[in-house]
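*Asks:* Please find run03.txt (compact mmCIF, C-alpha atoms) on the next line:
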```txt
# COMPACT_ATOMS: atom_id res chain seq x y z
CA MET A 1 110.36 143.66 190.67
CA ASP A 2 113.76 141.94 190.81
CA HIS A 3 112.47 138.57 191.99
CA ALA A 4 109.53 136.19 191.74
CA ILE A 5 108.02 133.79 194.26
CA VAL A 6 107.06 130.17 193.65
CA PHE A 7 105.10 128.41 196.38
CA ASP A 8 103.33 125.17 197.11
CA CYS A 9 101.28 123.92 200.02
CA GLU A 10 100.33 120.60 201.54
CA PHE A 11 96.79 120.39 202.88
CA LEU A 12 94.97 117.78 204.89
CA THR A 13 93.62 114.72 203.20
CA ALA A 14 92.51 111.19 204.08
CA GLU A 15 91.93 107.89 202.31
CA GLY A 16 89.40 108.48 199.52
CA ALA A 17 88.92 112.18 200.31
CA PRO A 18 90.03 113.45 196.86
CA SER A 19 87.53 111.20 195.08
CA ARG A 20 84.82 112.56 197.40
CA PHE A 21 86.03 116.15 196.95
CA TRP A 22 86.63 116.21 200.71
CA CYS A 23 82.86 115.93 201.29
CA GLY A 24 82.68 112.64 203.20
CA PRO A 25 81.42 112.70 206.79
CA PHE A 26 84.89 111.98 208.20
CA ASP A 27 86.99 113.86 205.64
CA PRO A 28 89.04 116.75 207.05
CA ASP A 29 88.61 120.23 205.72
CA PRO A 30 91.52 120.65 203.24
CA VAL A 31 93.34 123.22 205.37
CA VAL A 32 97.03 123.93 204.98
CA ALA A 33 99.65 122.14 207.09
CA GLN A 34 102.82 123.11 205.23
CA ILE A 35 103.89 125.99 202.98
CA GLY A 36 106.99 125.93 200.80
CA ILE A 37 108.32 129.11 199.18
CA ALA A 38 111.22 129.80 196.84
CA LYS A 39 112.49 133.19 195.73
CA ILE A 40 114.06 133.35 192.27
CA GLY A 41 116.05 136.32 191.00
CA LEU A 42 114.84 137.85 187.74
CA SER A 43 118.20 139.04 186.45
CA ASP A 44 121.71 137.77 185.72
CA ASP A 45 121.65 133.96 185.97
CA PHE A 46 118.20 133.82 187.65
CA PRO A 47 119.46 132.28 190.92
CA VAL A 48 117.36 130.78 193.68
CA LEU A 49 117.85 133.52 196.28
CA ASP A 50 116.13 132.05 199.32
CA THR A 51 113.68 129.40 200.47
CA ARG A 52 111.32 128.71 203.36
CA ARG A 53 109.57 125.59 204.61
CA ILE A 54 106.81 126.54 207.06
CA PHE A 55 104.78 124.05 209.07
CA VAL A 56 101.27 125.24 209.94
CA VAL A 57 99.12 124.01 212.82
CA PRO A 58 95.89 122.84 211.12
CA ARG A 59 92.77 123.88 212.97
CA GLY A 60 89.14 122.98 212.37
CA ARG A 61 85.91 124.91 212.50
CA ASP A 62 85.82 124.69 216.29
CA ALA A 63 89.42 126.06 216.45
CA GLY A 64 90.58 122.66 217.68
CA ARG A 65 93.87 121.15 216.50
CA LEU A 66 93.23 118.67 213.68
CA LYS A 67 95.13 115.39 213.74
CA LEU A 68 97.02 114.19 210.67
CA ASP A 69 95.50 111.23 208.87
CA PRO A 70 97.93 108.31 208.31
CA LEU A 71 97.58 108.75 204.54
CA PHE A 72 98.65 112.40 204.82
CA VAL A 73 101.67 111.42 206.93
CA LYS A 74 102.68 108.72 204.46
CA LEU A 75 102.17 111.01 201.45
CA THR A 76 103.97 114.08 202.75
CA GLY A 77 106.35 112.79 205.40
CA ILE A 78 104.99 115.44 207.77
CA THR A 79 104.63 114.15 211.31
CA GLU A 80 102.62 115.15 214.36
CA GLU A 81 105.93 115.89 216.09
CA GLN A 82 106.91 118.40 213.40
CA ILE A 83 103.56 120.15 213.64
CA GLU A 84 103.77 120.27 217.43
CA GLY A 85 107.41 121.37 217.51
CA GLU A 86 107.64 123.66 214.48
CA GLY A 87 104.07 124.50 213.51
CA LYS A 88 103.03 128.15 213.23
CA ALA A 89 99.57 129.59 213.66
CA LEU A 90 97.97 130.15 210.25
CA GLU A 91 97.99 133.93 210.59
CA HIS A 92 101.68 133.90 211.47
CA ALA A 93 102.54 131.55 208.59
CA LEU A 94 100.71 133.76 206.10
CA GLU A 95 102.42 136.89 207.44
CA MET A 96 105.77 135.12 207.05
CA THR A 97 104.85 134.27 203.46
CA LYS A 98 103.80 137.85 202.75
CA GLU A 99 107.02 139.26 204.20
CA PHE A 100 109.14 136.74 202.30
CA ALA A 101 107.47 137.74 199.01
CA GLU A 102 108.40 141.42 199.47
CA GLY A 103 105.58 142.57 197.22
CA ALA A 104 106.21 140.06 194.41
CA LYS A 105 103.50 137.94 192.84
CA LEU A 106 103.23 134.38 194.19
CA TRP A 107 103.10 131.59 191.61
CA SER A 108 102.03 127.99 192.18
CA TRP A 109 101.40 125.00 189.94
CA GLY A 110 97.65 125.45 189.83
CA LYS A 111 95.77 127.44 192.44
CA ASP A 112 97.23 126.46 195.79
CA GLU A 113 96.13 129.80 197.22
CA PHE A 114 92.62 128.40 197.56
CA ASN A 115 93.78 125.87 200.15
CA MET A 116 96.53 128.02 201.66
CA VAL A 117 94.47 131.17 202.05
CA ALA A 118 90.82 130.96 201.03
CA ILE A 119 89.74 127.68 202.66
CA SER A 120 92.14 127.80 205.60
CA CYS A 121 91.26 131.38 206.52
CA TYR A 122 87.54 130.74 206.05
CA VAL A 123 87.60 127.72 208.35
CA GLN A 124 89.44 129.70 211.05
CA GLY A 125 87.43 132.91 210.56
CA LEU A 126 90.47 134.96 209.57
CA ALA A 127 90.70 137.84 207.12
CA PRO A 128 93.21 136.90 204.39
CA VAL A 129 96.40 138.97 204.48
CA LEU A 130 97.10 138.21 200.81
CA PRO A 131 94.42 139.13 198.24
CA VAL A 132 93.74 136.82 195.30
CA THR A 133 95.31 139.39 192.95
CA ARG A 134 98.74 138.59 194.47
CA PHE A 135 98.66 135.06 193.03
CA GLY A 136 99.39 133.61 189.62
CA ASN A 137 99.09 130.17 188.05
CA ALA A 138 102.46 128.87 186.87
CA CYS A 139 100.61 126.71 184.33
CA ASP A 140 100.02 129.95 182.40
CA LEU A 141 103.78 130.55 182.30
CA LEU A 142 104.46 127.05 181.00
CA LEU A 143 101.80 127.44 178.30
CA LYS A 144 103.57 130.63 177.25
CA ALA A 145 106.86 128.71 177.24
CA GLY A 146 105.37 126.20 174.80
CA MET A 147 104.35 123.23 176.97
CA PRO A 148 101.52 121.35 175.19
CA TYR A 149 98.21 121.83 176.95
CA ASP A 150 97.41 118.11 176.96
CA ASP A 151 100.73 117.39 178.69
CA LEU A 152 100.26 120.25 181.12
CA LYS A 153 96.92 118.83 182.27
CA THR A 154 98.50 115.53 183.32
CA THR A 155 101.78 116.80 184.82
CA ARG A 156 102.10 117.41 188.55
CA SER A 157 104.34 119.97 190.19
CA ASN A 158 106.65 117.24 191.50
CA THR A 159 107.07 115.65 188.05
CA LEU A 160 107.45 118.84 186.02
CA SER A 161 111.26 118.93 186.03
CA ALA A 162 111.42 115.26 185.01
CA TYR A 163 109.10 116.04 182.09
CA PHE A 164 111.61 118.62 180.86
CA GLN A 165 114.62 116.45 181.83
CA ILE A 166 116.08 119.17 184.03
CA ASP A 167 118.77 118.07 186.47
CA HIS A 168 118.67 119.38 190.04
CA PRO A 169 119.41 118.23 193.60
CA PRO A 170 117.17 115.39 194.88
CA LEU A 171 113.65 116.47 195.81
CA ARG A 172 110.84 114.70 197.67
CA GLY A 173 107.40 114.77 196.08
CA HIS A 174 104.58 116.10 198.26
CA ASP A 175 106.93 118.23 200.31
CA ALA A 176 105.75 121.81 199.81
CA LEU A 177 109.21 123.35 199.46
CA ASP A 178 110.55 120.59 197.22
CA ASP A 179 107.48 120.80 194.96
CA ALA A 180 107.91 124.58 194.78
CA LEU A 181 111.57 124.10 193.89
CA CYS A 182 110.68 121.58 191.17
CA VAL A 183 108.58 124.28 189.49
CA THR A 184 111.23 126.91 190.21
CA TYR A 185 113.97 124.96 188.44
CA VAL A 186 111.79 124.66 185.34
CA LEU A 187 110.99 128.38 185.32
CA GLN A 188 114.68 129.12 185.88
CA HIS A 189 115.51 126.99 182.84
CA PHE A 190 113.10 128.87 180.60
CA LEU A 191 114.31 132.24 181.88
CA ARG A 192 117.88 131.24 181.06
CA GLU A 193 116.75 130.07 177.63
CA LYS A 194 114.92 133.41 177.18
CA THR A 195 111.70 131.54 176.45
CA LEU A 196 110.29 133.44 179.44
CA VAL A 197 111.29 136.98 180.44
CA SER A 198 111.11 138.84 183.72
CA ALA A 199 108.05 140.81 182.64
CA ASP A 200 106.06 137.55 182.41
CA PHE A 201 106.14 137.39 186.21
CA ASP A 202 104.50 140.79 186.80
```
Could you write out this file's structure as structure tokens?
*Replies:*
Amino acid sequence: MDHAIVFDCEFLTAEGAPSRFWCGPFDPDPVVAQIGIAKIGLSDDFPVLDTRRIFVVPRGRDAGRLKLDPLFVKLTGITEEQIEGEGKALEHALEMTKEFAEGAKLWSWGKDEFNMVAISCYVQGLAPVLPVTRFGNACDLLLKAGMPYDDLKTTRSNTLSAYFQIDHPPLRGHDALDDALCVTYVLQHFLREKTLVSADFD
């Protein structure tokens, strides 16, 4: 494979939902509302080849359109207008992601596939178009590159590049594409330093 994919997703939340593990009576199901994907070349100077930012219409168990909680809007910057104007149906968004990947493994900081695919598809009664074997945890790559485990446990995707003091264009935390790019720039750095090699992304 001549490229790798790094992705991130933003999923619904509300005030206090994380501390309740999204189990409160008014907490939304943590279904995906935005997917960010970056394609990085695995040869030459390891360039960022392409990116996508996909808004997803979040739907609940009754197939109804879920509204965005004010906390989610404040955290992500995603608005109801963006979802209404640019939002894709989940099945379409996942097909777009699959096509963009072109057979490559999809890496995220953690296990974002559970919200993007497993939970979201389960809530909507859809068969996943991407099996779990297509996904990898970028934390494994950073461990291989020498990042201390204790530091890895407390570092978020949107602070990873700052941890390694890697310069890049301005990024907004909690935007799926920008968070994916933050991880991408770090992986790009380690590929250029030959701390990671292309085969690590298989």
*Asks:* With distances taken over only C-alpha atoms, which residue among A:Thr159, A:Ser108, A:Gln34, A:Gln188 lies nearest Val6 of chain A?
*Replies:*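 Residue with the minimum atom-to-atom distance to Val6 of chain A: A:Ser108.
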*Asks:* In Å to one decimal, how far is atom CA of Leu187 of chain A from atom CA of Leu90 of chain A?
*Replies:* 28.2 Å
*Asks:* When you look at His92 of chain A with a cut-off of 12 Å (counting all atoms listed in the file), what residues show up, excluding the ones that are within fewer than 3 positions of it in the same chain? I need them as a PyMOL selection string.
*Replies:* chain A and resi 35+54-57+87-89+95-99+121+126+128-129
*Asks:* For the contact check between segment 93-122 of chain A and segment 171-178 of chain A, emit one row per residue of segment 93-122 of chain A within 12 Å, containing the shortest atom pair and the distance in Å rounded to one decimal, counting only C-alpha atoms, chain then rising number order, as a tab-separated table.
*Replies:*
```
residue	atom	partner	partner_atom	distance
A:Ser108	CA	A:Ala176	CA	10.5
A:Trp109	CA	A:Ala176	CA	11.2
A:Asp112	CA	A:Ala176	CA	10.5
A:Met116	CA	A:Ala176	CA	11.3
```
*Asks:* Keeping only C-alpha atoms, write the selected residues to a file as a tab-separated table (two decimals), in the frame of the given file.
*Replies:*
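Contents of the output file again_3.tsv:
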```tsv
chain	number	residue	atom	x	y	z
A	108	SER	CA	102.03	127.99	192.18
A	109	TRP	CA	101.40	125.00	189.94
A	112	ASP	CA	97.23	126.46	195.79
A	116	MET	CA	96.53	128.02	201.66
```
*Asks:* Per residue of segment 72-106 of chain A within 12 Å of segment 136-143 of chain A, note the shortest atom pair and the distance in Å to one decimal, counting all atoms listed in the file, and order the rows by chain and increasing residue number, as a Markdown table.
*Replies:*
```
| residue | atom | partner | partner_atom | distance |
| --- | --- | --- | --- | --- |
| A:Ala104 | CA | A:Gly136 | CA | 10.5 |
| A:Lys105 | CA | A:Gly136 | CA | 6.8 |
| A:Leu106 | CA | A:Gly136 | CA | 6.0 |
```
*Asks:* What is the distance, in Å and to one decimal place, between atom CA of Glu84 of chain A and atom CA of Gly60 of chain A?
*Replies:*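 Distance reported for this atom pair: 15.7 Å.
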*Asks:* Could you tell me how far atom CA of Gln124 of chain A lies from atom CA of Val183 of chain A, in Å and to one decimal?
*Replies:* 29.3 Å
*Asks:* Determine the nearest neighbour of Leu75 of chain A from the options A:Val117, A:Ala63, A:Leu12, A:Leu49, counting only C-alpha atoms.
*Replies:* A:Leu12
*Asks:* Do you have, as JSON lines, the list of residues of segment 46-153 of chain A lying at most 9 Å from segment 15-28 of chain A, each with its nearest atom pair and that distance in Å to one decimal, counting only C-alpha atoms and ordered by chain then number?
*Replies:*
```
{"residue": "A:Gly60", "atom": "CA", "partner": "A:Pro28", "partner_atom": "CA", "distance": 8.2}
{"residue": "A:Leu66", "atom": "CA", "partner": "A:Pro28", "partner_atom": "CA", "distance": 8.1}
{"residue": "A:Asp69", "atom": "CA", "partner": "A:Glu15", "partner_atom": "CA", "distance": 8.2}
{"residue": "A:Pro70", "atom": "CA", "partner": "A:Glu15", "partner_atom": "CA", "distance": 8.5}
{"residue": "A:Leu71", "atom": "CA", "partner": "A:Glu15", "partner_atom": "CA", "distance": 6.1}
{"residue": "A:Phe72", "atom": "CA", "partner": "A:Glu15", "partner_atom": "CA", "distance": 8.5}
```
*Asks:* Which is closest to Ile78 of chain A among A:Arg53, A:Lys194, A:Lys144, A:Arg156, if we use all atoms listed in the file?
*Replies:*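 Selected residue with least distance to Ile78 of chain A: A:Arg53.
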*Asks:* Quick one: residues within 10 Å of Ser120 of chain A, only C-alpha atoms counted, chain neighbours fewer than 5 positions away excluded, as a VMD selection string?
*Replies:* chain A and resid 11 29 to 33 58 to 61 90 to 91 113 to 115 125 to 126 128
*Asks:* Pick from A:Val123, A:Glu86, A:Ala4, A:Asp45: nearest to Asp62 of chain A, with only C-alpha atoms counted?
*Replies:*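 So, comparing all the options, the nearest one is A:Val123.
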*Asks:* Which is closest to His3 of chain A among A:Gly77, A:Pro170, A:Gly41, A:Pro131, if we use all atoms listed in the file?
*Replies:*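 Smallest separation from His3 of chain A among the options: A:Gly41.
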